[in-house]
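Everything below belongs to structure18.pdb, which stores PDB, C-alpha atoms, pLDDT in the B column.
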```pdb
ATOM      1  CA  MET P   1       0.589  19.607  12.598  1.00 46.00           C
ATOM      2  CA  THR P   2      -1.047  16.217  13.038  1.00 58.00           C
ATOM      3  CA  THR P   3       0.508  13.483  15.107  1.00 67.00           C
ATOM      4  CA  ILE P   4       0.106   9.830  14.268  1.00 69.00           C
ATOM      5  CA  GLN P   5      -1.452   7.905  17.132  1.00 79.00           C
ATOM      6  CA  GLN P   6      -0.783   4.233  17.880  1.00 79.00           C
ATOM      7  CA  THR P   7      -4.527   3.566  17.679  1.00 84.00           C
ATOM      8  CA  ASP P   8      -4.589   4.968  14.131  1.00 87.00           C
ATOM      9  CA  LEU P   9      -1.699   2.711  13.118  1.00 89.00           C
ATOM     10  CA  GLY P  10      -3.496  -0.238  14.716  1.00 90.00           C
ATOM     11  CA  LYS P  11      -6.640   0.469  12.686  1.00 92.00           C
ATOM     12  CA  VAL P  12      -4.685   0.642   9.436  1.00 92.00           C
ATOM     13  CA  ARG P  13      -2.800  -2.566  10.312  1.00 93.00           C
ATOM     14  CA  ALA P  14      -6.069  -4.376  11.098  1.00 93.00           C
ATOM     15  CA  SER P  15      -7.607  -3.184   7.829  1.00 92.00           C
ATOM     16  CA  VAL P  16      -4.619  -4.392   5.796  1.00 94.00           C
ATOM     17  CA  LEU P  17      -4.712  -7.765   7.600  1.00 93.00           C
ATOM     18  CA  GLN P  18      -8.379  -8.167   6.630  1.00 94.00           C
ATOM     19  CA  GLN P  19      -7.534  -7.507   2.975  1.00 94.00           C
ATOM     20  CA  LEU P  20      -4.575  -9.930   2.856  1.00 95.00           C
ATOM     21  CA  GLY P  21      -4.575 -11.684  -0.529  1.00 94.00           C
ATOM     22  CA  SER P  22      -6.962  -9.156  -2.068  1.00 94.00           C
ATOM     23  CA  LYS P  23      -6.333  -7.281  -5.287  1.00 95.00           C
ATOM     24  CA  VAL P  24      -5.998  -3.533  -4.761  1.00 95.00           C
ATOM     25  CA  MET P  25      -5.454  -0.486  -6.895  1.00 95.00           C
ATOM     26  CA  PHE P  26      -3.065   1.937  -5.267  1.00 94.00           C
ATOM     27  CA  GLN P  27      -1.875   5.429  -5.971  1.00 93.00           C
ATOM     28  CA  LEU P  28       1.651   6.449  -4.978  1.00 91.00           C
ATOM     29  CA  ASP P  29       2.477  10.084  -4.373  1.00 86.00           C
ATOM     30  CA  ARG P  30       6.032  10.497  -5.710  1.00 83.00           C
ATOM     31  CA  GLY P  31       6.205  14.233  -4.931  1.00 82.00           C
ATOM     32  CA  ARG P  32       6.375  17.231  -7.260  1.00 85.00           C
ATOM     33  CA  ASN P  33       2.981  16.392  -8.776  1.00 85.00           C
ATOM     34  CA  ARG P  34       4.114  12.896  -9.822  1.00 89.00           C
ATOM     35  CA  VAL P  35       1.595  10.143  -9.136  1.00 90.00           C
ATOM     36  CA  ASP P  36       1.834   6.446 -10.065  1.00 89.00           C
ATOM     37  CA  VAL P  37      -1.296   4.288 -10.236  1.00 92.00           C
ATOM     38  CA  GLN P  38      -0.799   0.517 -10.135  1.00 91.00           C
ATOM     39  CA  GLU P  39      -2.631  -2.699  -9.282  1.00 93.00           C
ATOM     40  CA  GLY P  40      -1.333  -5.469  -7.088  1.00 95.00           C
ATOM     41  CA  VAL P  41      -2.123  -8.086  -4.466  1.00 96.00           C
ATOM     42  CA  ILE P  42      -1.480  -7.573  -0.759  1.00 96.00           C
ATOM     43  CA  GLN P  43       1.014 -10.342  -0.012  1.00 96.00           C
ATOM     44  CA  GLY P  44       2.010  -9.884   3.597  1.00 95.00           C
ATOM     45  CA  ALA P  45       1.362  -7.817   6.699  1.00 94.00           C
ATOM     46  CA  TYR P  46       4.125  -7.477   9.263  1.00 94.00           C
ATOM     47  CA  PRO P  47       4.407  -5.447  12.493  1.00 92.00           C
ATOM     48  CA  CYS P  48       5.748  -2.293  10.784  1.00 92.00           C
ATOM     49  CA  VAL P  49       5.200  -2.792   7.041  1.00 96.00           C
ATOM     50  CA  PHE P  50       3.012  -4.540   4.486  1.00 97.00           C
ATOM     51  CA  THR P  51       3.896  -5.790   1.003  1.00 97.00           C
ATOM     52  CA  ILE P  52       2.108  -5.592  -2.339  1.00 96.00           C
ATOM     53  CA  LEU P  53       3.031  -7.795  -5.311  1.00 95.00           C
ATOM     54  CA  VAL P  54       2.744  -5.885  -8.596  1.00 93.00           C
ATOM     55  CA  ASP P  55       2.643  -8.015 -11.745  1.00 86.00           C
ATOM     56  CA  ASP P  56       2.268  -6.087 -15.015  1.00 77.00           C
ATOM     57  CA  GLU P  57       0.972  -8.722 -17.425  1.00 73.00           C
ATOM     58  CA  ASN P  58       1.080  -6.338 -20.400  1.00 69.00           C
ATOM     59  CA  GLU P  59       4.615  -5.168 -19.656  1.00 67.00           C
ATOM     60  CA  ASP P  60       7.934  -6.947 -20.019  1.00 74.00           C
ATOM     61  CA  ASN P  61       8.755  -6.060 -16.412  1.00 77.00           C
ATOM     62  CA  PRO P  62       9.203  -8.877 -13.892  1.00 87.00           C
ATOM     63  CA  PRO P  63       6.875  -8.932 -10.862  1.00 89.00           C
ATOM     64  CA  GLN P  64       7.848  -6.459  -8.120  1.00 92.00           C
ATOM     65  CA  LEU P  65       7.317  -6.793  -4.400  1.00 94.00           C
ATOM     66  CA  LEU P  66       6.830  -3.325  -2.918  1.00 94.00           C
ATOM     67  CA  SER P  67       6.758  -2.579   0.804  1.00 95.00           C
ATOM     68  CA  PHE P  68       5.029   0.286   2.583  1.00 95.00           C
ATOM     69  CA  SER P  69       4.682   1.338   6.187  1.00 94.00           C
ATOM     70  CA  TYR P  70       1.294   1.781   7.790  1.00 94.00           C
ATOM     71  CA  ALA P  71       2.234   5.419   8.398  1.00 92.00           C
ATOM     72  CA  ASP P  72       2.425   5.860   4.591  1.00 93.00           C
ATOM     73  CA  VAL P  73      -1.318   5.191   4.473  1.00 92.00           C
ATOM     74  CA  LEU P  74      -2.025   7.714   7.239  1.00 90.00           C
ATOM     75  CA  THR P  75       0.125  10.413   5.631  1.00 89.00           C
ATOM     76  CA  ARG P  76      -1.442   9.676   2.225  1.00 89.00           C
ATOM     77  CA  GLU P  77       1.841   8.719   0.572  1.00 90.00           C
ATOM     78  CA  ILE P  78      -0.143   5.732  -0.696  1.00 93.00           C
ATOM     79  CA  ARG P  79      -3.888   5.491  -1.236  1.00 93.00           C
ATOM     80  CA  MET P  80      -5.517   2.113  -1.782  1.00 93.00           C
ATOM     81  CA  LYS P  81      -8.893   0.740  -2.803  1.00 92.00           C
ATOM     82  CA  LEU P  82     -10.110  -2.770  -3.461  1.00 88.00           C
ATOM     83  CA  CYS P  83     -10.551  -3.848  -7.098  1.00 85.00           C
TER      84      CYS P  83
END
```
Take the structure in the file and give it back as structure tokens.
Amino acid sequence: MTTIQQTDLGKVRASVLQQLGSKVMFQLDRGRNRVDVQEGVIQGAYPCVFTILVDDENEDNPPQLLSFSYADVLTREIRMKLC
């Protein structure tokens, strides 16, 4: 079993802060072999969470603001890469 260290969370937080305002593609692990792939822009970085604005231009859906914890990145609940 792996424990999450404060230094690891600090590295993830610093990386997200550097990418603030950047467009990212992210993959969400929804469990039971369900995976969602979406694109969005990193809107904000806060002490415990960060937010991504998802705007599907081709869809009739309104823009969504999703929030994730930095631990989600470390546990691979969400995987991100720059577009």
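Among the candidates P:Gln38, P:Asn33, P:Phe50, P:Cys83, the residue lying nearest to Leu17 of chain P is P:Phe50 (atoms considered: all atoms listed in the file).
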Fill in: Answer key for the PyMOL selection byres ((chain P and resi 62-65) around 10), residues as a list in words
Gly40, Val41, Ile42, Gln43, Thr51, Ile52, Leu53, Val54, Asp55, Asp56, Glu57, Glu59, Asp60, Asn61, Leu66 and Ser67 of chain P
Item to complete: Go through the shown structure with the PyMOL selection byres ((chain P and resi 81) around 12) and write out the matching residues as an MDAnalysis selection string.
Response: chainID P and resid 15:16 19 22:27 37:42 73 78:80 82:83
Restricting it to C-alpha atoms, dump the selection as a PDB file, in the coordinates of the input.
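Contents of out.pdb, as written:
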```
ATOM      1  CA  SER P  15      -7.607  -3.184   7.829  1.00 92.00           C
ATOM      2  CA  VAL P  16      -4.619  -4.392   5.796  1.00 94.00           C
ATOM      3  CA  GLN P  19      -7.534  -7.507   2.975  1.00 94.00           C
ATOM      4  CA  SER P  22      -6.962  -9.156  -2.068  1.00 94.00           C
ATOM      5  CA  LYS P  23      -6.333  -7.281  -5.287  1.00 95.00           C
ATOM      6  CA  VAL P  24      -5.998  -3.533  -4.761  1.00 95.00           C
ATOM      7  CA  MET P  25      -5.454  -0.486  -6.895  1.00 95.00           C
ATOM      8  CA  PHE P  26      -3.065   1.937  -5.267  1.00 94.00           C
ATOM      9  CA  GLN P  27      -1.875   5.429  -5.971  1.00 93.00           C
ATOM     10  CA  VAL P  37      -1.296   4.288 -10.236  1.00 92.00           C
ATOM     11  CA  GLN P  38      -0.799   0.517 -10.135  1.00 91.00           C
ATOM     12  CA  GLU P  39      -2.631  -2.699  -9.282  1.00 93.00           C
ATOM     13  CA  GLY P  40      -1.333  -5.469  -7.088  1.00 95.00           C
ATOM     14  CA  VAL P  41      -2.123  -8.086  -4.466  1.00 96.00           C
ATOM     15  CA  ILE P  42      -1.480  -7.573  -0.759  1.00 96.00           C
ATOM     16  CA  VAL P  73      -1.318   5.191   4.473  1.00 92.00           C
ATOM     17  CA  ILE P  78      -0.143   5.732  -0.696  1.00 93.00           C
ATOM     18  CA  ARG P  79      -3.888   5.491  -1.236  1.00 93.00           C
ATOM     19  CA  MET P  80      -5.517   2.113  -1.782  1.00 93.00           C
ATOM     20  CA  LEU P  82     -10.110  -2.770  -3.461  1.00 88.00           C
ATOM     21  CA  CYS P  83     -10.551  -3.848  -7.098  1.00 85.00           C
TER      22      CYS P  83
END
```
Discussion item. Could you check the closest approach to Gln6 of chain P for each of P:Val49, P:Ala71, P:Val35, P:Leu20 and tell me which residue wins, using all atoms listed in the file?
Written reply: P:Ala71
Worksheet item: Do you have the atom CA of Arg76 of chain P-atom CA of Arg30 of chain P distance handy?
Response: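 Separation of atom CA of Arg76 of chain P and atom CA of Arg30 of chain P: 10.9 Å.
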Practice prompt. Quote the spacing between atom CA of Pro47 of chain P and atom CA of Arg34 of chain P in Å to one decimal place.
Written response: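 Atom-to-atom, atom CA of Pro47 of chain P and atom CA of Arg34 of chain P are spaced 28.9 Å apart.
Taking atom CA of Arg13 of chain P as the reference point, atom CA of Ser69 of chain P is found at 9.4 Å.
Compared by their closest atoms to Gly31 of chain P, and using all atoms listed in the file, the residues P:Tyr46, P:Glu77, P:Val12, P:Asp72 rank with P:Glu77 nearest.
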